[in-house]
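Only one structure is covered here, and it is reproduced in the block below.
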2 protein chains.
Amino acid sequence: MHTSSLESWNDGAAKRAIVAFVTSAATEESPGYVPPRDRVAVFDNDGTLWVEKPAPVQTAFVLEKLAARMKADPSLADAWPYRAVAARDESFLHALEVQDADAVTSMVQAIGAAWEGTTLDAYEAEAARYLASWRHERFGLPATGLVYQPMLELFDYLRAHGWRVFVCSGGGRDFMRVICEDTWGLPRENVIGSAPEFVWRDGEPVRRAALHGPVAIGPGKPEYVLARTGRLPRFAAGNDDVDVELLASARFALLVVHDDDVREYAYTEGAERARATAGREGWTTVSVKNDWKTVLKERSDGEEPE
Amino acid sequence: MHTSSLESWNDGAAKRAIVAFVTSAATEESPGYVPPRDRVAVFDNDGTLWVEKPAPVQTAFVLEKLAARMKADPSLADAWPYRAVAARDESFLHALEVQDADAVTSMVQAIGAAWEGTTLDAYEAEAARYLASWRHERFGLPATGLVYQPMLELFDYLRAHGWRVFVCSGGGRDFMRVICEDTWGLPRENVIGSAPEFVWRDGEPVRRAALHGPVAIGPGKPEYVLARTGRLPRFAAGNDDVDVELLASARFALLVVHDDDVREYAYTEGAERARATAGREGWTTVSVKNDWKTVLKERSDGEEPE
């Protein structure tokens with residue numbers, strides 16, 4: 001299922017642009033040549049590598065955690081952002097969905113407090129348990145089945161041409177590291193992004209409340225790429241407004257456009273600036289509807305979702 | 001010169017322990033088996049990968065920078081740690097040499113201020129120029145010629161057995177990234193450690209004064225390894241007291257003991273705790289004098305230093 005031939009891509013403008021760029025980057029005589037050491041490709045995760053509607057699995061994971069904390073300590077329900085979570089405040093959840101900076105900051109603080117003092121092993125076990133039981137409300141699939149098959153093929157295609165592939169997730173590095181090896185075929189060190197500081201207790205790393213670095217959205221994304229790889233990406237893929245800075249920092253920018261409400265979801269909200277910039281800057285856009293033969297990894301037998 | 005046969009290692013206890021560990025780690029039926037995803041090897045830099053006496057090249061680089069700043073702004077000479085640098089205060093330079101926490105913190109702040117507002121490109125060009133002109137006062141070699149040949153062979157040997165090799169330097173990530181590809185054969189993303197935050201100005205990353213994370217000494221080392229790789233190292237190498245936490249976090253710990261004042265330097269200061277711990281914990285120690293046939297990369301023709 002995991003091939004390097006881009007076989008889930010229709011032969012359209014997006015695939016042709018990818019192939020032209022990658023081929024040229026690998027050709028020493030070409031003006032588009034990229035020396036091997038500079039072949040850094042970076043992908044956003046939610047909405048770029050897997051389905052993020054109606055909400056990313058990690059958002060569900062966090063909201064369940066906050067709900068459990070409120071149950072254990074009802075006084076929390078008066079504090080922000082617990083109050084909004086408890087009341088299922090639509091405007092707050094919407095602000096979170098479009099990654100509004102204030103909403104994200106308040107959630108980052110709540111997340112920091114919720115897992116403060118948790119060992120990395122315990123956190124990973126908790127994330128793995130959640131992922132094992134969670135199912136997508138429409139597709140009935142586990143989160144790892146919501147990964148876009150064409151993107152896995154793109155990972156392989158890039159690697160076959162000497163690229164190192166990284167995922168930079170605003171949603172949180174350590175959650176993604178639980179699945180990166182089996183689902184993406186990427187080592188943990190290639191997963192970067194928002195993460196807490198750790199302290200050592202009895203030789204074990206324990207989460208602190210504070211983040212180690214910025215939140216990996218907006219300008220935080222290229223900052224993480226630079227910190228991690230020592231370079232800015234030459235190839236980047238994203239899908240919404242918090243990916244604009246990452247995409248702008250790359251030589252080749254790929255923007256996923258969610259326009260397929262049959263096989264996935266169709267939405268523009270939170271991606272208005274990204275799409276306008278793509279038009280202006282000549283970024284390559286991927287229409288889920290037209291560019292992808294197969295969308296979901298678990299549906300790659302051609303089966304249509306209900 | 002760069003082989004994978006450990007040919008610069010004498011056939012002593014250190015080499016035998018390394019070969020036994022690495023062979024066992026690669027053998028699925030062995031109790032010492034390490035799954036490929038966990039094969040993370042981490043090396044300290046100064047004194048572990050290259051000569052750090054009489055002072056690491058990066059210390060010289062920083063002191064020259066601070067001197068130039070004082071020349072441009074004489075009022076700085078009243079401020080700490082400039083005052084100590086200007087006076088060539090032996091006790092301060094000594095505290096720095098043994099990586100005393102207060103001395104290191106004051107230098108980190110001075111370094112942050114000295115390069116605040118410098119683009120990454122400009123910083124790298126400055127480091128490259130310095131490295132091109134600097135020569136070791138005793139050996140007359142450039143810094144990259146001070147790299148230990150046996151360690152380059154160990155990199156190759158580990159990689160040939162499926163390990164990913166990282167360097168974690170307290171001295172500063174971005175300085176090392178200037179030389180890592182050509183000198184160590186490591187991509188930039190495998191060099192981790194102390195580094196500043198960046199802001200973006202006109203699409204270019206510019207150094208801020210603040211560090212992005214802790215200083216990569218003591219407990220900061222395993223923290224960086226965890227942040228970058230998602231795991232603690234299974235193999236670690238160091239040489240002094242600020243490497244103890246890194247070494248203690250690994251399954252196999254290698255401590256370089258500097259005991260060869262003919263081909264390198266013999267010293268124990270700053271490594272007392274590391275050596276005591278090595279004895280207690282059964283770490284593998286490497287005697288420069290007895291375990292290495294060749295010491296310096298540039299001397300691997302067998303030529304003796306003057």
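Residues in the structure tokens are named by chain (A, B, ... in the order shown) and by number from 1 within that chain; ligands are numbered from 1 in the order shown.
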
Counting only C-alpha atoms, what is within 8 Å of Arg164 (chain A), bar same-chain residues fewer than 4 positions away, as a list of chain:residue names?
A:Arg39, A:Val40, A:Ala41, A:Leu158, A:Arg159

Counting only C-alpha atoms, a student should be able to say which residues of chain A come within 8 Å of chain B; what is the right answer, written as a short mmCIF file (atom, residue, chain, number, x, y, z; two decimals) with C-alpha atoms, in the first residue's frame?
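Produced file result15.cif, reproduced below:
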```cif
data_model
loop_
_atom_site.label_atom_id
_atom_site.label_comp_id
_atom_site.auth_asym_id
_atom_site.auth_seq_id
_atom_site.Cartn_x
_atom_site.Cartn_y
_atom_site.Cartn_z
CA ARG A 37 22.32 18.45 2.47
CA ASP A 174 4.90 13.93 21.66
CA ARG A 177 5.68 10.49 18.12
CA PRO A 187 11.81 8.11 13.09
CA ARG A 188 10.80 10.12 16.14
CA GLU A 189 13.48 12.71 15.59
CA ASN A 190 11.77 13.72 12.36
CA ILE A 192 9.03 18.34 15.55
CA ALA A 195 6.35 20.32 23.21
CA GLU A 197 10.05 21.13 28.84
CA PHE A 198 11.00 18.12 30.92
CA VAL A 199 12.62 17.72 34.31
CA TRP A 200 14.30 14.55 35.49
CA GLY A 203 16.16 9.27 36.10
CA PRO A 205 11.78 12.60 32.15
CA HIS A 212 10.16 24.24 25.36
CA GLY A 213 10.05 26.87 22.64
CA PRO A 219 6.10 31.75 12.52
CA GLU A 223 11.45 28.42 13.76
CA ALA A 227 16.13 24.80 15.17
CA ARG A 228 15.80 21.18 14.25
CA THR A 229 17.42 21.01 10.82
CA GLY A 230 19.68 24.06 10.74
CA SER A 249 9.99 29.83 3.88
#
```

Between CA of Phe43 (chain B) and CA of Val165 (chain A), what is the distance in Å, rounded to a tenth?
23.7 Å

Just give me the gap between CA of Ala274 (chain A) and CA of Thr23 (chain A) in Å, one decimal is fine.
26.0 Å

At a cut-off of 9 Å, using only C-alpha atoms, what residues contact Val256 (chain A)? Leave out same-chain residues fewer than 4 positions from it and give the result as a PDB file with all heavy atoms, in the first residue's frame.
```
ATOM      1  N   GLY A  47      -4.907  18.089   8.763  1.00  0.00           N
ATOM      2  CA  GLY A  47      -5.437  18.651   7.521  1.00  0.00           C
ATOM      3  C   GLY A  47      -4.456  18.562   6.362  1.00  0.00           C
ATOM      4  O   GLY A  47      -4.823  18.826   5.219  1.00  0.00           O
ATOM      5  N   THR A  48      -3.209  18.216   6.658  1.00  0.00           N
ATOM      6  CA  THR A  48      -2.209  18.051   5.590  1.00  0.00           C
ATOM      7  C   THR A  48      -1.859  16.574   5.433  1.00  0.00           C
ATOM      8  O   THR A  48      -1.714  16.074   4.322  1.00  0.00           O
ATOM      9  CB  THR A  48      -0.946  18.879   5.894  1.00  0.00           C
ATOM     10  OG1 THR A  48      -1.315  20.253   5.974  1.00  0.00           O
ATOM     11  CG2 THR A  48       0.113  18.708   4.814  1.00  0.00           C
ATOM     12  N   ALA A 237       4.685  21.485   2.930  1.00  0.00           N
ATOM     13  CA  ALA A 237       3.273  21.236   2.629  1.00  0.00           C
ATOM     14  C   ALA A 237       2.427  21.625   3.836  1.00  0.00           C
ATOM     15  O   ALA A 237       2.785  21.336   4.975  1.00  0.00           O
ATOM     16  CB  ALA A 237       3.058  19.760   2.285  1.00  0.00           C
ATOM     17  N   GLY A 238       1.299  22.286   3.550  1.00  0.00           N
ATOM     18  CA  GLY A 238       0.399  22.710   4.611  1.00  0.00           C
ATOM     19  C   GLY A 238      -1.014  22.801   4.068  1.00  0.00           C
ATOM     20  O   GLY A 238      -1.274  22.423   2.916  1.00  0.00           O
ATOM     21  N   ASN A 239      -1.921  23.279   4.907  1.00  0.00           N
ATOM     22  CA  ASN A 239      -3.297  23.397   4.417  1.00  0.00           C
ATOM     23  C   ASN A 239      -4.035  24.609   4.932  1.00  0.00           C
ATOM     24  O   ASN A 239      -5.111  24.905   4.449  1.00  0.00           O
ATOM     25  CB  ASN A 239      -4.093  22.127   4.720  1.00  0.00           C
ATOM     26  CG  ASN A 239      -4.640  22.104   6.142  1.00  0.00           C
ATOM     27  OD1 ASN A 239      -5.843  22.165   6.362  1.00  0.00           O
ATOM     28  ND2 ASN A 239      -3.759  22.059   7.150  1.00  0.00           N
ATOM     29  N   ASP A 240      -3.480  25.330   5.916  1.00  0.00           N
ATOM     30  CA  ASP A 240      -4.272  26.471   6.382  1.00  0.00           C
ATOM     31  C   ASP A 240      -3.426  27.663   6.801  1.00  0.00           C
ATOM     32  O   ASP A 240      -2.216  27.704   6.557  1.00  0.00           O
ATOM     33  CB  ASP A 240      -5.295  26.049   7.435  1.00  0.00           C
ATOM     34  CG  ASP A 240      -4.645  25.465   8.679  1.00  0.00           C
ATOM     35  OD1 ASP A 240      -3.467  25.750   8.912  1.00  0.00           O
ATOM     36  OD2 ASP A 240      -5.339  24.716   9.394  1.00  0.00           O
ATOM     37  N   THR A 284       1.898  25.567  -5.361  1.00  0.00           N
ATOM     38  CA  THR A 284       1.171  24.456  -5.968  1.00  0.00           C
ATOM     39  C   THR A 284       0.023  24.064  -5.050  1.00  0.00           C
ATOM     40  O   THR A 284       0.234  23.836  -3.850  1.00  0.00           O
ATOM     41  CB  THR A 284       2.134  23.266  -6.169  1.00  0.00           C
ATOM     42  OG1 THR A 284       3.157  23.670  -7.087  1.00  0.00           O
ATOM     43  CG2 THR A 284       1.397  22.055  -6.712  1.00  0.00           C
ATOM     44  N   THR A 285      -1.188  24.022  -5.589  1.00  0.00           N
ATOM     45  CA  THR A 285      -2.318  23.611  -4.760  1.00  0.00           C
ATOM     46  C   THR A 285      -2.748  22.197  -5.140  1.00  0.00           C
ATOM     47  O   THR A 285      -2.664  21.795  -6.302  1.00  0.00           O
ATOM     48  CB  THR A 285      -3.522  24.566  -4.905  1.00  0.00           C
ATOM     49  OG1 THR A 285      -3.862  24.653  -6.288  1.00  0.00           O
ATOM     50  CG2 THR A 285      -3.183  25.956  -4.383  1.00  0.00           C
ATOM     51  N   VAL A 286      -3.179  21.464  -4.104  1.00  0.00           N
ATOM     52  CA  VAL A 286      -3.643  20.091  -4.287  1.00  0.00           C
ATOM     53  C   VAL A 286      -5.135  20.078  -4.007  1.00  0.00           C
ATOM     54  O   VAL A 286      -5.559  20.357  -2.883  1.00  0.00           O
ATOM     55  CB  VAL A 286      -2.947  19.141  -3.287  1.00  0.00           C
ATOM     56  CG1 VAL A 286      -3.533  17.740  -3.395  1.00  0.00           C
ATOM     57  CG2 VAL A 286      -1.442  19.128  -3.510  1.00  0.00           C
ATOM     58  N   SER A 287      -5.923  19.774  -5.011  1.00  0.00           N
ATOM     59  CA  SER A 287      -7.351  19.597  -4.811  1.00  0.00           C
ATOM     60  C   SER A 287      -7.591  18.151  -4.389  1.00  0.00           C
ATOM     61  O   SER A 287      -7.268  17.218  -5.129  1.00  0.00           O
ATOM     62  CB  SER A 287      -8.086  19.894  -6.120  1.00  0.00           C
ATOM     63  OG  SER A 287      -9.332  19.222  -6.145  1.00  0.00           O
ATOM     64  N   VAL A 288      -8.125  17.978  -3.181  1.00  0.00           N
ATOM     65  CA  VAL A 288      -8.397  16.612  -2.713  1.00  0.00           C
ATOM     66  C   VAL A 288      -9.314  15.906  -3.714  1.00  0.00           C
ATOM     67  O   VAL A 288      -9.112  14.744  -4.061  1.00  0.00           O
ATOM     68  CB  VAL A 288      -9.037  16.630  -1.300  1.00  0.00           C
ATOM     69  CG1 VAL A 288      -9.526  15.246  -0.903  1.00  0.00           C
ATOM     70  CG2 VAL A 288      -8.036  17.176  -0.273  1.00  0.00           C
TER      71      VAL A 288
END
```

List as a list in words the protein and nucleic acid residues near Ala125 (chain A), meaning an atom at most 12 Å away when only C-alpha atoms are counted, but skip any in the same chain fewer than 3 places from it.
Thr118, Thr119, Leu120, Asp121, Ala122, Ala128, Arg129, Tyr130, Leu131, Ala132, Asp174, Phe175, Arg177, Val178 and Ile179 of chain A

Output file for the selection above: N, CA, C and O atoms, as a PDB file, in the first residue's frame:
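Wrote it out as result-v5.pdb, contents follow:
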```
ATOM      1  N   THR A 118       3.644  14.444  34.702  1.00  0.00           N
ATOM      2  CA  THR A 118       3.462  13.127  34.080  1.00  0.00           C
ATOM      3  C   THR A 118       4.765  12.688  33.422  1.00  0.00           C
ATOM      4  O   THR A 118       5.395  13.483  32.723  1.00  0.00           O
ATOM      5  N   THR A 119       5.155  11.458  33.637  1.00  0.00           N
ATOM      6  CA  THR A 119       6.372  10.992  32.955  1.00  0.00           C
ATOM      7  C   THR A 119       6.079  10.853  31.464  1.00  0.00           C
ATOM      8  O   THR A 119       4.925  10.674  31.055  1.00  0.00           O
ATOM      9  N   LEU A 120       7.133  10.897  30.666  1.00  0.00           N
ATOM     10  CA  LEU A 120       6.946  10.739  29.224  1.00  0.00           C
ATOM     11  C   LEU A 120       6.316   9.377  28.919  1.00  0.00           C
ATOM     12  O   LEU A 120       5.409   9.275  28.091  1.00  0.00           O
ATOM     13  N   ASP A 121       6.785   8.344  29.604  1.00  0.00           N
ATOM     14  CA  ASP A 121       6.220   7.009  29.382  1.00  0.00           C
ATOM     15  C   ASP A 121       4.719   6.983  29.669  1.00  0.00           C
ATOM     16  O   ASP A 121       3.941   6.407  28.910  1.00  0.00           O
ATOM     17  N   ALA A 122       4.330   7.612  30.774  1.00  0.00           N
ATOM     18  CA  ALA A 122       2.905   7.617  31.145  1.00  0.00           C
ATOM     19  C   ALA A 122       2.091   8.412  30.123  1.00  0.00           C
ATOM     20  O   ALA A 122       0.983   8.020  29.737  1.00  0.00           O
ATOM     21  N   ALA A 128      -1.505   6.489  23.560  1.00  0.00           N
ATOM     22  CA  ALA A 128      -1.688   5.240  22.811  1.00  0.00           C
ATOM     23  C   ALA A 128      -3.042   4.606  23.134  1.00  0.00           C
ATOM     24  O   ALA A 128      -3.733   4.109  22.246  1.00  0.00           O
ATOM     25  N   ARG A 129      -3.419   4.636  24.424  1.00  0.00           N
ATOM     26  CA  ARG A 129      -4.733   4.089  24.817  1.00  0.00           C
ATOM     27  C   ARG A 129      -5.854   4.863  24.142  1.00  0.00           C
ATOM     28  O   ARG A 129      -6.812   4.293  23.638  1.00  0.00           O
ATOM     29  N   TYR A 130      -5.725   6.198  24.140  1.00  0.00           N
ATOM     30  CA  TYR A 130      -6.768   7.017  23.528  1.00  0.00           C
ATOM     31  C   TYR A 130      -6.880   6.712  22.038  1.00  0.00           C
ATOM     32  O   TYR A 130      -7.977   6.516  21.498  1.00  0.00           O
ATOM     33  N   LEU A 131      -5.729   6.643  21.379  1.00  0.00           N
ATOM     34  CA  LEU A 131      -5.721   6.366  19.937  1.00  0.00           C
ATOM     35  C   LEU A 131      -6.299   4.981  19.631  1.00  0.00           C
ATOM     36  O   LEU A 131      -6.944   4.782  18.597  1.00  0.00           O
ATOM     37  N   ALA A 132      -6.091   4.038  20.528  1.00  0.00           N
ATOM     38  CA  ALA A 132      -6.590   2.678  20.287  1.00  0.00           C
ATOM     39  C   ALA A 132      -8.115   2.622  20.358  1.00  0.00           C
ATOM     40  O   ALA A 132      -8.742   1.812  19.673  1.00  0.00           O
ATOM     41  N   ASP A 174       4.792  15.230  21.000  1.00  0.00           N
ATOM     42  CA  ASP A 174       4.896  13.932  21.663  1.00  0.00           C
ATOM     43  C   ASP A 174       3.703  13.017  21.376  1.00  0.00           C
ATOM     44  O   ASP A 174       3.824  11.795  21.412  1.00  0.00           O
ATOM     45  N   PHE A 175       2.545  13.617  21.082  1.00  0.00           N
ATOM     46  CA  PHE A 175       1.386  12.821  20.678  1.00  0.00           C
ATOM     47  C   PHE A 175       1.674  12.133  19.337  1.00  0.00           C
ATOM     48  O   PHE A 175       1.413  10.949  19.156  1.00  0.00           O
ATOM     49  N   ARG A 177       4.569  11.451  18.068  1.00  0.00           N
ATOM     50  CA  ARG A 177       5.678  10.487  18.124  1.00  0.00           C
ATOM     51  C   ARG A 177       5.221   9.088  18.505  1.00  0.00           C
ATOM     52  O   ARG A 177       5.950   8.114  18.283  1.00  0.00           O
ATOM     53  N   VAL A 178       4.018   8.998  19.063  1.00  0.00           N
ATOM     54  CA  VAL A 178       3.485   7.681  19.409  1.00  0.00           C
ATOM     55  C   VAL A 178       3.159   6.883  18.138  1.00  0.00           C
ATOM     56  O   VAL A 178       3.220   5.660  18.128  1.00  0.00           O
ATOM     57  N   ILE A 179       2.828   7.591  17.064  1.00  0.00           N
ATOM     58  CA  ILE A 179       2.385   6.889  15.852  1.00  0.00           C
ATOM     59  C   ILE A 179       3.328   7.042  14.658  1.00  0.00           C
ATOM     60  O   ILE A 179       3.137   6.395  13.630  1.00  0.00           O
TER      61      ILE A 179
END
```

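For Val295 (chain B), the non-local neighbours within 10 Å, defined as residues at least 4 positions apart in the same chain or in other chains and counting only C-alpha atoms, are Ser8, Trp9, Trp50, Val51, Leu146, Val147, Tyr148, Gln149, Pro150, Met151, Asp260, Arg263, Glu264, Val288, Lys289, Asp291, Arg299, Ser300, Gly302 and Glu304 of chain B.
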
Would you mind exporting N, CA and C atoms of the selected residues as an mmCIF file, in the first residue's frame?
```cif
data_model
loop_
_atom_site.group_PDB
_atom_site.id
_atom_site.type_symbol
_atom_site.label_atom_id
_atom_site.label_comp_id
_atom_site.auth_asym_id
_atom_site.auth_seq_id
_atom_site.Cartn_x
_atom_site.Cartn_y
_atom_site.Cartn_z
ATOM 1 N N SER B 8 41.777 2.593 14.193
ATOM 2 C CA SER B 8 42.634 3.416 15.049
ATOM 3 C C SER B 8 42.511 3.038 16.524
ATOM 4 N N TRP B 9 41.710 2.005 16.798
ATOM 5 C CA TRP B 9 41.539 1.557 18.185
ATOM 6 C C TRP B 9 42.445 0.359 18.445
ATOM 7 N N TRP B 50 36.867 16.233 19.932
ATOM 8 C CA TRP B 50 38.088 16.942 19.552
ATOM 9 C C TRP B 50 38.767 17.539 20.768
ATOM 10 N N VAL B 51 40.027 17.951 20.562
ATOM 11 C CA VAL B 51 40.869 18.529 21.619
ATOM 12 C C VAL B 51 40.194 19.779 22.191
ATOM 13 N N LEU B 146 41.670 18.758 14.747
ATOM 14 C CA LEU B 146 41.792 18.310 16.137
ATOM 15 C C LEU B 146 40.777 17.236 16.490
ATOM 16 N N VAL B 147 39.984 16.857 15.497
ATOM 17 C CA VAL B 147 38.975 15.826 15.724
ATOM 18 C C VAL B 147 39.676 14.482 15.921
ATOM 19 N N TYR B 148 39.157 13.696 16.857
ATOM 20 C CA TYR B 148 39.765 12.391 17.148
ATOM 21 C C TYR B 148 39.384 11.371 16.074
ATOM 22 N N GLN B 149 40.384 10.897 15.382
ATOM 23 C CA GLN B 149 40.167 9.906 14.323
ATOM 24 C C GLN B 149 39.389 8.674 14.817
ATOM 25 N N PRO B 150 39.694 8.144 16.019
ATOM 26 C CA PRO B 150 38.953 6.949 16.458
ATOM 27 C C PRO B 150 37.450 7.205 16.600
ATOM 28 N N MET B 151 37.083 8.445 16.935
ATOM 29 C CA MET B 151 35.664 8.739 17.095
ATOM 30 C C MET B 151 34.946 8.793 15.739
ATOM 31 N N ASP B 260 47.052 11.410 27.942
ATOM 32 C CA ASP B 260 48.161 11.320 26.989
ATOM 33 C C ASP B 260 48.718 12.717 26.727
ATOM 34 N N ARG B 263 50.627 12.986 22.902
ATOM 35 C CA ARG B 263 49.863 13.142 21.665
ATOM 36 C C ARG B 263 48.677 14.099 21.824
ATOM 37 N N GLU B 264 48.313 14.387 23.103
ATOM 38 C CA GLU B 264 47.195 15.296 23.341
ATOM 39 C C GLU B 264 47.459 16.027 24.649
ATOM 40 N N VAL B 288 43.023 7.645 26.226
ATOM 41 C CA VAL B 288 43.580 8.179 24.973
ATOM 42 C C VAL B 288 44.948 7.538 24.715
ATOM 43 N N LYS B 289 45.716 7.400 25.788
ATOM 44 C CA LYS B 289 47.068 6.884 25.676
ATOM 45 C C LYS B 289 47.095 5.418 25.220
ATOM 46 N N ASP B 291 44.196 3.291 24.419
ATOM 47 C CA ASP B 291 43.169 2.712 23.544
ATOM 48 C C ASP B 291 43.217 3.222 22.107
ATOM 49 N N ARG B 299 46.625 13.743 11.951
ATOM 50 C CA ARG B 299 47.897 13.072 12.204
ATOM 51 C C ARG B 299 47.797 11.584 11.895
ATOM 52 N N SER B 300 46.774 11.205 11.155
ATOM 53 C CA SER B 300 46.524 9.774 11.022
ATOM 54 C C SER B 300 47.527 9.100 10.089
ATOM 55 N N GLY B 302 50.367 8.910 11.040
ATOM 56 C CA GLY B 302 51.304 8.375 12.013
ATOM 57 C C GLY B 302 52.334 9.390 12.473
ATOM 58 N N GLU B 304 54.082 12.194 14.395
ATOM 59 C CA GLU B 304 53.938 12.621 15.793
ATOM 60 C C GLU B 304 53.877 14.144 15.867
#
```

DSSP on the backbone: what in region 1-60 of chain A comes out strand (DSSP E), as number ranges by chain?
A: 40-43

Write the selection just made, keeping C-alpha atoms, as a compact mmCIF listing (two decimals), in the first residue's frame?
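Output file result-v7.txt follows:
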```
# COMPACT_ATOMS: atom_id res chain seq x y z
CA VAL A 40 14.67 19.13 3.86
CA ALA A 41 10.93 18.56 3.33
CA VAL A 42 8.47 19.58 6.04
CA PHE A 43 4.80 18.67 6.36
```

Identify which of the residues A:Pro31, A:Ile111, A:Thr105, A:Leu49 lies closest to Leu66 (chain A), counting only C-alpha atoms when measuring atom-to-atom distances.
A:Ile111

Among region 22-238 of chain A, which residues carry a DSSP assignment of helix (DSSP H, G or I), reported as a PyMOL selection string?
chain A and resi 22-25+36-38+57-72+74-78+82-86+90-97+101-115+120-133+143-146+149-160+173-177+180-184+188-190+220-229
